[in-house]
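Undergrad: Sharing a structure, written as structure tokens. Questions coming.
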Amino acid sequence: MSLEFLNAFKFMKKDSFLHNLDPRAKLFLAIVYTITALLFNQIIPLFLIFLSLIPLVIIGKIFRQWVKSIRGLSFLVIFMIVLNTLFISLSFAIAMILRIFIMVSAFSIFFLTVDPNSLALSLISMKLPYEFAFSFSLAFRFVPTIAKEAQNIIDAQQSRGYEMQAKGIINQIKNLFPLLIPLIICSIKRAFNVAEALESRAFGSKKERSYYYTIKYTIKDWIFTFYLVLFLTAFIIIKIQFNIMPEFFLWGLPV
Amino acid sequence: MSAELPLIMIKDVNYSYPNGTIALKDINLNLYRGELIGIMGKNGAGKTTLIRTLNGLIRPTQGEIYVNNKNINTATIATLSKKVGIIFQNASHQLFANTVEDEIKFSLKSFNLSKEESQMRTNQILHQFNLEKYRERSPLNLSGGESKKLAIASIFCRDPDILIFDEPTLGQDAREIEFFIRLIEKERENDKTIIIITHNIEFAFEFIPRTILMADGKIIADGPTQKVLNCEELIEKSSLILPQSRQFSLALQALGFQNTDTLFSKAEVTKYLMQFIKNSSGSAQKR
Amino acid sequence: MDLIRFEKFFYRYKGNEEYALNDINLRIEKDDNFVLLCGETGSGKTTLIRCMNGLIPQFYSGFYKGKVFINEVNTVETSIANLSTEVGIVFQNPENQLIAMNVEHEIAFGLENLGVPPKKIAQKIEESASLTEIEHLLDKAPFELSGGEQQRVAIASILVLEPKILILDEPTALLDPQMARKIITLLKEIQLERKITILISEHRLDLLLPFADHMILMKNGKVLEQNSLEKAINGENFQKLNLNKPVIYSIFMKLREENLFEGRIPSSIPDAINSLKRYK
């Protein structure tokens with residue numbers, strides 16, 4: 001699994017229906033999809049849930065990135081197919097894979113379309129303390145910076161003869177030190193730099209904070225939330241009344 | 001330069017990042033053994049990308065690179081880094097060992113030397129860089145200047161033929177820059193080829209014989225430093241400014257001083273002014 | 001009135017035996033205008049700067065003696081947040097100072113912390129952005145900006161707090177020469193327009209000398225000299241320090257050594273031309 005996979009979770013500023021929704025609506029989306037995915041073990045209902053993601057991804061203009069996140073899971077997919085088929089059944093394996101795809105996609109949609117600042121604001125509106133919400137969005141803001149730093153560290157070490165591949169588990173762990181230690185040290189230094197810059201801009205002032213940007217739930221957000229509630233309710237009903245569902249719902253591979 | 005084959009030949013090299021951005025475009029370059037070359041240009045012009053192609057960190061998407069007449073596209077970074085040593089800007093990106101001594105020994109690991117040889121080389125390099133007193137100290141506890149020296153030492157101990165520095169004079173005062181100059185002068189005596197990426201125009205103008213200017217991934221100039229850094233158009237394109245000695249001689253020319261258009265370096269301007277003032281006071285006395 | 005005053009101030013970082021600052025008795029006044037702080041690496045410049053808004057000793061716990069006053073307020077008797085409305089500090093690496101998702105929010109951040117109402121914030125953003133010439137960048141993300149643009153955003157986000165003095169710690173370190181010159185020129189404009197004091201710690205003297213009017217020289221944690229620029233660069237301290245002296249300085253020092261030049265050493269090319277005018 002390459003670092004490329006992480007790109008599928010990186011926020012990218014775009015003008016789309018999804019991007020313009022309130023972050024809380026999108027969080028609700030991730031939760032709803034996770035719940036519905038966990039409701040079923042059968043291929044067909046999971047597949048339907050998975051399909052319902054595709055129109056969302058398209059109107060969110062994040063199709064390419066979403067495909068990347070699915071592709072990045074391919075290694076895990078093969079691993080799961082082998083393991084699950086051996087111990088249970090191929091049907092079960094496919095169902096599990098679909099489940100993973102759904103949950104990863106749901107969160108991927110969230111991270112791709114919510115900018116960290118809005119995320120912080122939505123956490124605050126849910127009564128989380130400001131410092132907590134802020135450190136959350138700060139972490140996000142610095143992920144690409146740290147990733148770049150990691151690459152620079154790899155380059156610097158390779159330039160003095162460090163080899164990425166090592167033989168044996170113990171050696172592989174030892175081999176991480178030349179990468180991890182500089183990364184940790186640099187991150188700590190960075191944290192200090194960021195902290196002193198924040199202090200120097202009155203962060204932590206005793207005065208009550210004002211908010212220049214605010215998030216507000218609009219009609220669109222309510223409609224979308226309503227749709228999600230319907231979606232969730234529909235699948236809960238299907239689950240409860242599963243025995244009266246048409247035959248093909250229980251379809252599975254003969255393996 | 002004699003009619004020998006170039007030590008490094010870069011032929012029609014192009015490189016684009018996975019996301020499509022073009023970082024290097026049609027790079028053609030010949031570097032000869034023993035040369036001291038500067039690479040200058042705007043941030044993002046492709047300077048660090050270019051040097052990374054020389055030790056395999058980056059593989060060109062098009063074109064070939066030959067070092068010592070061998071195409072390096074199949075050589076591993078591990079092999080190439082023995083011949084091409086890059087010292088990056090930020091020393092804290094590589095320092096991690098328990099002691100300064102261990103840091104050097106780590107760089108020597110890939111040579112599979114005997115314990116005695118490794119110790120000997122380590123002692124020698126610590127002495128050369130005046131780092132003996134820090135032998136047992138943690139490399140994370142060194143000052144900025146000392147860690148930069150250690151970073152350089154950890155590449156020097158591998159004795160590569162080609163040395164590449166990325167912004168070696170950044171944040172350094174005159175004394176540290178002097179140490180660096182003496183260091184590269186000594187390496188040139190040992191016939192090493194040295195490439196320096198720098199923003200420091202005065203430094204380049206004074207000490208680097210050949211300069212390459214880059215802009216937007218392309219090489220826009222390649223020649224004697226005094227010529228390259230004297231062309232207003234190229235200076236503008238590379239986001240540089242004229243060396244102060246040249247700015248001064250142009251200002252003198254504007255004021256009406258004769259024979260100033262061939263004055264470039266600090267030494268030349270000084271000599272000119274000394275001569276001029278001596279003559280002026282001489283003629284004043286005659287009156 | 002003193003903007004900044006150090007009284008017999010000593011400081012050493014936690015875990016260090018050596019003092020980073022030794023008996024500092026510095027005074028920076030309201031009309032000191034454009035001050036250049038220089039010294040060899042390790043002389044204590046960054047440490048000195050950190051004392052000026054309370055980061056030392058409040059954020060960097062260590063051992064200290066003596067007092068530091070900002071506008072007659074002792075830096076240990078008030079919060080760093082309060083001091084940040086008097087003293088603004090822009091640090092070396094803009095990457096570690098830009099924390100918001102777009103430039104507009106970046107500038108708003110300091111004012112949000114102080115509880116300024118949003119309408120007022122909008123007005124102040126406009127003023128700051130226009131002063132630093134970044135109005136066209138307001139909706140851009142920090143990583144979309146060039147190094148010079150990032151540095152200007154950092155400056156705008158501090159200026160918006162309306163400090164009486166703007167301090168910058170090696171602001172041009174990561175910039176190419178043209179961008180560096182643009183930033184310094186901008187700072188000079190800000191100094192004149194806003195009538196605030198600018199203090200810059202720098203190694204690139206050739207860039208800074210033409211703009212500065214005062215100089216502080218440091219060595220080994222001590223302030224060697226605090227003087228007008230002219231007097232400082234003609235003095236012995238400046239000559240002896242291992243600073244990156246401009247080419248003009250070296251040329252005229254050589255002429256002086258050869259007894260061919262008697263006037264004061266020029267700090268810029270126009271200055272140098274002036275001193276040679278009498279020969280034409």
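Every chain in the structure tokens has a letter given in the order shown (A, B, ...), and although residue numbers restart at 1 in each chain, ligands are simply numbered from 1 in the order shown.
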Which polymer residues have any atom within 9 Å of an atom of C:Leu36, counting only C-alpha atoms, with same-chain residues fewer than 2 positions away left out, as a list in words?

TA: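 Returned residues: Phe34, Cys38, Ile198, Leu199, Ile200, Ser201, Glu202, Leu205, Leu208, Leu209, Ala212, Asp213, His214, Met215, Ile216, Leu217 and Leu229 of chain C.
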
Undergrad: Save out the residues we just selected, N, CA and C atoms, as a PDB file, in the first residue's frame.

TA:
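The result, stored in part05.pdb:
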ATOM      1  N   PHE C  34      13.888  51.819  11.675  1.00  0.00           N
ATOM      2  CA  PHE C  34      14.228  50.549  11.033  1.00  0.00           C
ATOM      3  C   PHE C  34      15.532  50.047  11.628  1.00  0.00           C
ATOM      4  N   CYS C  38      22.146  42.312  14.103  1.00  0.00           N
ATOM      5  CA  CYS C  38      23.023  41.282  13.548  1.00  0.00           C
ATOM      6  C   CYS C  38      24.079  40.787  14.517  1.00  0.00           C
ATOM      7  N   ILE C 198      10.379  48.883  12.860  1.00  0.00           N
ATOM      8  CA  ILE C 198      10.658  47.565  12.307  1.00  0.00           C
ATOM      9  C   ILE C 198      12.009  47.100  12.850  1.00  0.00           C
ATOM     10  N   LEU C 199      12.065  45.872  13.331  1.00  0.00           N
ATOM     11  CA  LEU C 199      13.334  45.311  13.787  1.00  0.00           C
ATOM     12  C   LEU C 199      13.560  44.004  13.043  1.00  0.00           C
ATOM     13  N   ILE C 200      14.661  43.932  12.309  1.00  0.00           N
ATOM     14  CA  ILE C 200      14.925  42.706  11.541  1.00  0.00           C
ATOM     15  C   ILE C 200      16.262  42.092  11.947  1.00  0.00           C
ATOM     16  N   SER C 201      16.214  40.786  12.181  1.00  0.00           N
ATOM     17  CA  SER C 201      17.448  40.060  12.439  1.00  0.00           C
ATOM     18  C   SER C 201      17.843  39.392  11.128  1.00  0.00           C
ATOM     19  N   GLU C 202      19.031  39.676  10.635  1.00  0.00           N
ATOM     20  CA  GLU C 202      19.397  39.153   9.311  1.00  0.00           C
ATOM     21  C   GLU C 202      20.881  38.884   9.143  1.00  0.00           C
ATOM     22  N   LEU C 205      23.355  41.173   4.941  1.00  0.00           N
ATOM     23  CA  LEU C 205      23.548  42.599   5.175  1.00  0.00           C
ATOM     24  C   LEU C 205      23.480  43.437   3.908  1.00  0.00           C
ATOM     25  N   LEU C 208      20.024  44.523   3.514  1.00  0.00           N
ATOM     26  CA  LEU C 208      19.409  45.309   4.577  1.00  0.00           C
ATOM     27  C   LEU C 208      20.034  46.675   4.833  1.00  0.00           C
ATOM     28  N   LEU C 209      21.343  46.788   4.658  1.00  0.00           N
ATOM     29  CA  LEU C 209      21.993  48.045   5.017  1.00  0.00           C
ATOM     30  C   LEU C 209      21.410  49.284   4.331  1.00  0.00           C
ATOM     31  N   ALA C 212      18.220  50.238   6.577  1.00  0.00           N
ATOM     32  CA  ALA C 212      18.208  50.401   8.032  1.00  0.00           C
ATOM     33  C   ALA C 212      18.697  51.772   8.462  1.00  0.00           C
ATOM     34  N   ASP C 213      18.204  52.256   9.615  1.00  0.00           N
ATOM     35  CA  ASP C 213      18.811  53.469  10.166  1.00  0.00           C
ATOM     36  C   ASP C 213      19.443  53.257  11.542  1.00  0.00           C
ATOM     37  N   HIS C 214      19.141  52.109  12.151  1.00  0.00           N
ATOM     38  CA  HIS C 214      19.820  51.789  13.406  1.00  0.00           C
ATOM     39  C   HIS C 214      20.352  50.373  13.349  1.00  0.00           C
ATOM     40  N   MET C 215      21.344  50.110  14.197  1.00  0.00           N
ATOM     41  CA  MET C 215      21.889  48.765  14.201  1.00  0.00           C
ATOM     42  C   MET C 215      22.179  48.293  15.619  1.00  0.00           C
ATOM     43  N   ILE C 216      21.898  47.000  15.868  1.00  0.00           N
ATOM     44  CA  ILE C 216      22.272  46.399  17.148  1.00  0.00           C
ATOM     45  C   ILE C 216      23.225  45.249  16.829  1.00  0.00           C
ATOM     46  N   LEU C 217      24.393  45.254  17.438  1.00  0.00           N
ATOM     47  CA  LEU C 217      25.372  44.190  17.194  1.00  0.00           C
ATOM     48  C   LEU C 217      25.448  43.290  18.410  1.00  0.00           C
ATOM     49  N   LEU C 229      23.067  53.551  12.122  1.00  0.00           N
ATOM     50  CA  LEU C 229      23.699  52.669  11.141  1.00  0.00           C
ATOM     51  C   LEU C 229      25.077  53.167  10.744  1.00  0.00           C
TER      52      LEU C 229
END

Undergrad: Tell me the residues of chain B close to chain C, meaning within 10 Å using only C-alpha atoms, as a PDB file with C-alpha atoms, in the first residue's frame.

TA:
ATOM      1  CA  MET B  40      20.903  29.133  -9.563  1.00  0.00           C
ATOM      2  CA  GLY B  41      17.332  30.072 -10.271  1.00  0.00           C
ATOM      3  CA  LYS B  42      13.938  30.866  -8.821  1.00  0.00           C
ATOM      4  CA  ASN B  43      12.461  28.615  -6.173  1.00  0.00           C
ATOM      5  CA  GLY B  44      10.661  25.871  -8.046  1.00  0.00           C
ATOM      6  CA  SER B 143      24.272  23.829  17.273  1.00  0.00           C
ATOM      7  CA  GLY B 144      22.973  24.651  13.791  1.00  0.00           C
ATOM      8  CA  GLY B 145      26.433  25.233  12.366  1.00  0.00           C
ATOM      9  CA  GLU B 167      22.166  25.814  -0.271  1.00  0.00           C
ATOM     10  CA  LEU B 170      22.023  29.384   4.157  1.00  0.00           C
ATOM     11  CA  GLY B 171      21.944  30.970   7.603  1.00  0.00           C
ATOM     12  CA  GLN B 172      25.716  30.878   7.941  1.00  0.00           C
ATOM     13  CA  ASP B 173      27.918  33.728   9.067  1.00  0.00           C
ATOM     14  CA  ALA B 174      31.228  34.737   7.463  1.00  0.00           C
ATOM     15  CA  ARG B 175      33.351  32.385   9.553  1.00  0.00           C
ATOM     16  CA  GLU B 176      31.232  29.351   8.683  1.00  0.00           C
ATOM     17  CA  ILE B 177      31.175  30.270   5.002  1.00  0.00           C
ATOM     18  CA  GLU B 178      34.942  30.570   5.055  1.00  0.00           C
ATOM     19  CA  THR B 198      22.752  28.541  -4.136  1.00  0.00           C
ATOM     20  CA  HIS B 199      20.894  31.847  -3.887  1.00  0.00           C
ATOM     21  CA  ASN B 200      24.001  33.574  -2.661  1.00  0.00           C
ATOM     22  CA  ILE B 201      24.992  35.686  -5.658  1.00  0.00           C
ATOM     23  CA  GLU B 202      28.022  37.260  -4.030  1.00  0.00           C
ATOM     24  CA  ILE B 235      19.125  37.829 -13.891  1.00  0.00           C
ATOM     25  CA  GLU B 236      15.530  38.977 -14.204  1.00  0.00           C
ATOM     26  CA  SER B 238      16.008  33.751 -12.513  1.00  0.00           C
ATOM     27  CA  SER B 239      14.747  36.131  -9.836  1.00  0.00           C
ATOM     28  CA  LEU B 240      18.307  37.143  -8.950  1.00  0.00           C
ATOM     29  CA  ILE B 241      19.930  40.537  -8.589  1.00  0.00           C
ATOM     30  CA  LEU B 242      23.204  41.761 -10.024  1.00  0.00           C
ATOM     31  CA  PRO B 243      26.238  41.174  -7.826  1.00  0.00           C
ATOM     32  CA  GLN B 244      26.997  44.294  -5.839  1.00  0.00           C
ATOM     33  CA  SER B 245      30.409  44.834  -7.429  1.00  0.00           C
ATOM     34  CA  GLN B 247      25.957  47.202  -9.643  1.00  0.00           C
ATOM     35  CA  PHE B 248      28.664  49.500  -8.348  1.00  0.00           C
ATOM     36  CA  SER B 249      30.706  49.526 -11.524  1.00  0.00           C
ATOM     37  CA  ALA B 251      26.771  53.161 -11.210  1.00  0.00           C
ATOM     38  CA  LEU B 252      30.320  54.456 -11.623  1.00  0.00           C
ATOM     39  CA  ALA B 254      26.640  56.262 -15.093  1.00  0.00           C
ATOM     40  CA  LEU B 255      28.468  58.887 -13.110  1.00  0.00           C
ATOM     41  CA  GLY B 256      30.980  59.315 -15.901  1.00  0.00           C
ATOM     42  CA  PHE B 257      33.872  57.177 -14.753  1.00  0.00           C
ATOM     43  CA  SER B 265      34.642  41.450  -9.415  1.00  0.00           C
ATOM     44  CA  LYS B 266      35.254  43.105  -6.069  1.00  0.00           C
ATOM     45  CA  ALA B 267      38.991  42.915  -6.673  1.00  0.00           C
ATOM     46  CA  GLU B 268      38.745  44.598 -10.059  1.00  0.00           C
ATOM     47  CA  VAL B 269      36.565  47.446  -8.786  1.00  0.00           C
ATOM     48  CA  THR B 270      38.834  47.976  -5.807  1.00  0.00           C
ATOM     49  CA  LYS B 271      41.920  48.070  -8.000  1.00  0.00           C
ATOM     50  CA  LEU B 273      39.248  52.878  -7.567  1.00  0.00           C
ATOM     51  CA  MET B 274      42.637  52.674  -5.923  1.00  0.00           C
ATOM     52  CA  GLN B 275      44.286  53.572  -9.219  1.00  0.00           C
ATOM     53  CA  PHE B 276      41.772  56.320  -9.873  1.00  0.00           C
ATOM     54  CA  ILE B 277      42.125  57.965  -6.482  1.00  0.00           C
ATOM     55  CA  LYS B 278      45.926  57.760  -6.619  1.00  0.00           C
ATOM     56  CA  SER B 280      43.398  62.081  -8.890  1.00  0.00           C
ATOM     57  CA  SER B 281      45.441  63.013  -5.846  1.00  0.00           C
TER      58      SER B 281
END

Undergrad: Select, as a PDB file with C-alpha atoms, in the first residue's frame, those residues of chain C with any atom no more than 10 Å from chain A (distances computed using only C-alpha atoms).

TA:
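selection_38.pdb written:
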ATOM      1  CA  ARG C  50      11.740  35.837  21.913  1.00  0.00           C
ATOM      2  CA  ASN C  53       6.837  39.496  23.423  1.00  0.00           C
ATOM      3  CA  GLY C  54       7.106  37.368  26.509  1.00  0.00           C
ATOM      4  CA  LEU C  55       7.781  34.038  24.795  1.00  0.00           C
ATOM      5  CA  PHE C  59       6.790  29.903  26.799  1.00  0.00           C
ATOM      6  CA  TYR C  60      10.446  28.925  26.908  1.00  0.00           C
ATOM      7  CA  SER C  79       0.090  37.465  29.106  1.00  0.00           C
ATOM      8  CA  ILE C  80       1.804  36.840  25.791  1.00  0.00           C
ATOM      9  CA  ALA C  81      -1.621  37.393  24.230  1.00  0.00           C
ATOM     10  CA  ASN C  82      -1.716  40.920  25.619  1.00  0.00           C
ATOM     11  CA  LEU C  83       1.837  41.644  24.556  1.00  0.00           C
ATOM     12  CA  SER C  84       1.060  40.523  21.007  1.00  0.00           C
ATOM     13  CA  THR C  85      -0.974  43.680  20.489  1.00  0.00           C
ATOM     14  CA  VAL C  87       4.888  43.614  19.733  1.00  0.00           C
ATOM     15  CA  GLY C  88       4.384  41.581  16.554  1.00  0.00           C
ATOM     16  CA  ILE C  89       6.845  38.851  15.637  1.00  0.00           C
ATOM     17  CA  VAL C  90       7.165  37.176  12.246  1.00  0.00           C
ATOM     18  CA  PHE C  91       9.326  34.067  12.379  1.00  0.00           C
ATOM     19  CA  GLN C  92      11.673  32.576   9.858  1.00  0.00           C
ATOM     20  CA  ASN C  93       9.652  29.846   8.198  1.00  0.00           C
ATOM     21  CA  PRO C  94       6.227  30.950   6.924  1.00  0.00           C
ATOM     22  CA  GLU C  95       5.222  27.287   6.590  1.00  0.00           C
ATOM     23  CA  ASN C  96       5.034  26.992  10.368  1.00  0.00           C
ATOM     24  CA  GLN C  97       3.084  30.217  10.844  1.00  0.00           C
ATOM     25  CA  LEU C  98       0.269  29.761   8.371  1.00  0.00           C
ATOM     26  CA  ILE C  99      -2.364  27.606  10.003  1.00  0.00           C
ATOM     27  CA  ALA C 100      -5.614  28.485   8.267  1.00  0.00           C
ATOM     28  CA  MET C 101      -7.098  27.058   5.115  1.00  0.00           C
ATOM     29  CA  ASN C 102      -7.097  30.329   3.249  1.00  0.00           C
ATOM     30  CA  GLU C 104      -8.449  35.609   4.538  1.00  0.00           C
ATOM     31  CA  HIS C 105      -8.937  33.370   7.534  1.00  0.00           C
ATOM     32  CA  ALA C 108      -8.569  37.023  10.700  1.00  0.00           C
ATOM     33  CA  PHE C 109      -7.107  34.510  13.153  1.00  0.00           C
ATOM     34  CA  GLY C 110      -5.326  36.889  15.517  1.00  0.00           C
ATOM     35  CA  LEU C 111      -8.368  39.147  15.724  1.00  0.00           C
ATOM     36  CA  GLU C 112     -10.659  36.171  16.369  1.00  0.00           C
ATOM     37  CA  ASN C 113      -8.481  35.250  19.316  1.00  0.00           C
ATOM     38  CA  LEU C 114      -8.961  38.733  20.716  1.00  0.00           C
ATOM     39  CA  GLY C 115     -12.729  38.586  20.322  1.00  0.00           C
ATOM     40  CA  VAL C 116     -12.941  41.386  17.759  1.00  0.00           C
ATOM     41  CA  PRO C 117     -16.440  41.473  16.160  1.00  0.00           C
ATOM     42  CA  PRO C 118     -16.571  39.997  12.621  1.00  0.00           C
ATOM     43  CA  LYS C 119     -17.516  43.275  10.932  1.00  0.00           C
ATOM     44  CA  LYS C 120     -14.435  44.963  12.352  1.00  0.00           C
ATOM     45  CA  ILE C 121     -12.338  41.970  11.361  1.00  0.00           C
ATOM     46  CA  ALA C 122     -13.449  42.322   7.749  1.00  0.00           C
ATOM     47  CA  LYS C 140      -6.056  31.067  -1.831  1.00  0.00           C
ATOM     48  CA  ALA C 141      -4.765  28.246   0.336  1.00  0.00           C
ATOM     49  CA  PRO C 142      -1.327  28.677   1.937  1.00  0.00           C
ATOM     50  CA  PHE C 143       0.261  25.854  -0.038  1.00  0.00           C
ATOM     51  CA  ALA C 154       2.483  36.126   7.630  1.00  0.00           C
ATOM     52  CA  SER C 157      -1.587  38.480   9.801  1.00  0.00           C
ATOM     53  CA  ILE C 158       0.627  40.148  12.407  1.00  0.00           C
ATOM     54  CA  VAL C 160      -3.627  43.283  11.654  1.00  0.00           C
ATOM     55  CA  LEU C 161      -3.059  43.231  15.419  1.00  0.00           C
TER      56      LEU C 161
END

Undergrad: Could you please select, counting only C-alpha atoms, the residues of chain A within 12 Å of chain B and state them as a PDB file with C-alpha atoms, in the first residue's frame?

TA:
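Output below, filename part-v4.pdb:
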ATOM      1  CA  GLU A   4      -0.629   7.444  -2.760  1.00  0.00           C
ATOM      2  CA  ASN A   7      -4.110  11.263  -1.299  1.00  0.00           C
ATOM      3  CA  ILE A 146       4.772  16.225   7.297  1.00  0.00           C
ATOM      4  CA  LYS A 148       6.714  16.165   2.320  1.00  0.00           C
ATOM      5  CA  GLU A 149       9.163  16.197   5.204  1.00  0.00           C
ATOM      6  CA  ALA A 150       9.078  12.409   5.352  1.00  0.00           C
ATOM      7  CA  GLN A 151       9.991  12.261   1.681  1.00  0.00           C
ATOM      8  CA  ASN A 152      12.878  14.676   2.232  1.00  0.00           C
ATOM      9  CA  ILE A 153      14.127  12.518   5.075  1.00  0.00           C
ATOM     10  CA  ILE A 154      13.963   9.401   2.927  1.00  0.00           C
ATOM     11  CA  ASP A 155      15.930  11.205   0.217  1.00  0.00           C
ATOM     12  CA  ALA A 156      18.567  12.449   2.657  1.00  0.00           C
ATOM     13  CA  GLN A 157      19.092   9.020   4.192  1.00  0.00           C
ATOM     14  CA  GLN A 158      19.188   7.218   0.873  1.00  0.00           C
ATOM     15  CA  SER A 159      21.823   9.664  -0.263  1.00  0.00           C
ATOM     16  CA  ARG A 160      24.156   8.399   2.436  1.00  0.00           C
ATOM     17  CA  GLY A 161      23.734   4.745   1.668  1.00  0.00           C
ATOM     18  CA  TYR A 162      20.638   3.911   3.693  1.00  0.00           C
ATOM     19  CA  GLU A 163      18.648   1.147   2.077  1.00  0.00           C
ATOM     20  CA  MET A 164      14.905   0.949   2.475  1.00  0.00           C
ATOM     21  CA  GLN A 165      14.672  -2.829   2.188  1.00  0.00           C
ATOM     22  CA  LYS A 174      15.702  -1.322  13.219  1.00  0.00           C
ATOM     23  CA  ASN A 175      15.697   0.023   9.696  1.00  0.00           C
ATOM     24  CA  LEU A 176      12.893   2.410  10.505  1.00  0.00           C
ATOM     25  CA  PHE A 177      14.911   4.376  13.059  1.00  0.00           C
ATOM     26  CA  PRO A 178      16.861   6.497  10.559  1.00  0.00           C
ATOM     27  CA  LEU A 179      13.509   7.600   9.176  1.00  0.00           C
ATOM     28  CA  LEU A 180      11.409   7.839  12.305  1.00  0.00           C
ATOM     29  CA  ILE A 181      13.814   9.687  14.563  1.00  0.00           C
ATOM     30  CA  PRO A 182      14.439  12.645  12.237  1.00  0.00           C
ATOM     31  CA  LEU A 183      10.712  12.733  11.491  1.00  0.00           C
ATOM     32  CA  ILE A 184       9.772  12.835  15.141  1.00  0.00           C
ATOM     33  CA  ILE A 185      12.431  15.401  15.994  1.00  0.00           C
ATOM     34  CA  CYS A 186      11.434  17.612  13.078  1.00  0.00           C
ATOM     35  CA  SER A 187       7.782  17.304  14.012  1.00  0.00           C
ATOM     36  CA  ILE A 188       8.520  18.321  17.578  1.00  0.00           C
ATOM     37  CA  LYS A 189      10.568  21.295  16.394  1.00  0.00           C
ATOM     38  CA  ARG A 190       7.738  22.209  14.077  1.00  0.00           C
TER      39      ARG A 190
END

Undergrad: Which residues are near C:Ala129? Cut-off 10 Å, only C-alpha atoms, ignore same chain within fewer than 4 positions. Put them as an mmCIF file with N, CA and C atoms, in the first residue's frame.

TA:
data_model
loop_
_atom_site.group_PDB
_atom_site.id
_atom_site.type_symbol
_atom_site.label_atom_id
_atom_site.label_comp_id
_atom_site.auth_asym_id
_atom_site.auth_seq_id
_atom_site.Cartn_x
_atom_site.Cartn_y
_atom_site.Cartn_z
ATOM 1 N N VAL C 103 -6.067 32.471 2.973
ATOM 2 C CA VAL C 103 -5.377 33.683 3.406
ATOM 3 C C VAL C 103 -6.279 34.584 4.243
ATOM 4 N N GLU C 104 -7.526 34.719 3.816
ATOM 5 C CA GLU C 104 -8.449 35.609 4.538
ATOM 6 C C GLU C 104 -8.591 35.167 5.994
ATOM 7 N N ILE C 107 -5.472 35.889 8.154
ATOM 8 C CA ILE C 107 -5.351 37.246 8.670
ATOM 9 C C ILE C 107 -6.354 37.461 9.802
ATOM 10 N N LYS C 124 -10.439 45.295 8.984
ATOM 11 C CA LYS C 124 -9.009 45.223 9.238
ATOM 12 C C LYS C 124 -8.285 44.326 8.245
ATOM 13 N N ILE C 125 -8.979 43.275 7.800
ATOM 14 C CA ILE C 125 -8.377 42.389 6.805
ATOM 15 C C ILE C 125 -8.096 43.179 5.541
ATOM 16 N N GLU C 133 -0.211 44.199 -0.087
ATOM 17 C CA GLU C 133 -0.444 43.901 -1.501
ATOM 18 C C GLU C 133 -0.817 42.447 -1.744
ATOM 19 N N ILE C 134 -1.720 41.903 -0.948
ATOM 20 C CA ILE C 134 -2.135 40.516 -1.163
ATOM 21 C C ILE C 134 -3.647 40.393 -1.350
ATOM 22 N N GLU C 135 -4.290 41.515 -1.740
ATOM 23 C CA GLU C 135 -5.751 41.466 -1.889
ATOM 24 C C GLU C 135 -6.206 40.378 -2.853
ATOM 25 N N HIS C 136 -5.364 40.106 -3.865
ATOM 26 C CA HIS C 136 -5.776 39.142 -4.882
ATOM 27 C C HIS C 136 -5.571 37.702 -4.408
ATOM 28 N N LEU C 137 -5.036 37.532 -3.206
ATOM 29 C CA LEU C 137 -4.728 36.183 -2.743
ATOM 30 C C LEU C 137 -5.660 35.707 -1.630
ATOM 31 N N LEU C 138 -6.638 36.539 -1.283
ATOM 32 C CA LEU C 138 -7.434 36.271 -0.090
ATOM 33 C C LEU C 138 -8.096 34.899 -0.032
ATOM 34 N N ARG C 152 4.473 37.425 2.975
ATOM 35 C CA ARG C 152 3.630 38.623 3.040
ATOM 36 C C ARG C 152 2.340 38.353 3.808
ATOM 37 N N VAL C 153 1.796 37.142 3.642
ATOM 38 C CA VAL C 153 0.594 36.785 4.402
ATOM 39 C C VAL C 153 0.923 36.751 5.883
ATOM 40 N N ILE C 155 3.187 38.438 7.421
ATOM 41 C CA ILE C 155 3.334 39.820 7.865
ATOM 42 C C ILE C 155 1.954 40.473 8.034
ATOM 43 N N ALA C 156 1.066 40.257 7.061
ATOM 44 C CA ALA C 156 -0.278 40.844 7.149
ATOM 45 C C ALA C 156 -1.013 40.346 8.378
ATOM 46 N N SER C 157 -0.840 39.052 8.682
ATOM 47 C CA SER C 157 -1.587 38.480 9.801
ATOM 48 C C SER C 157 -1.086 38.992 11.140
ATOM 49 N N LEU C 159 0.403 42.292 11.282
ATOM 50 C CA LEU C 159 0.105 43.725 11.211
ATOM 51 C C LEU C 159 -1.321 44.032 11.629
ATOM 52 N N VAL C 160 -2.205 43.069 11.379
ATOM 53 C CA VAL C 160 -3.627 43.283 11.654
ATOM 54 C C VAL C 160 -3.882 43.475 13.145
#

Undergrad: Just list the residues in stretch 3-189 of chain C DSSP gives helix (DSSP H, G or I) on the backbone, as a ChimeraX atom specification.

TA: /C:30-32,45-51,55-59,80-83,94-96,103-113,118-131,135-137,142-144,147-159,177-189

Undergrad: Excluding A:Pro45 and any residue of its chain fewer than 5 positions from it, enumerate the residues within 10 Å of it, using only C-alpha atoms, and give them as an NGL selection string.

TA: :A and (36-37 or 39-40 or 50-51 or 95 or 98 or 235 or 238-239 or 248-251)
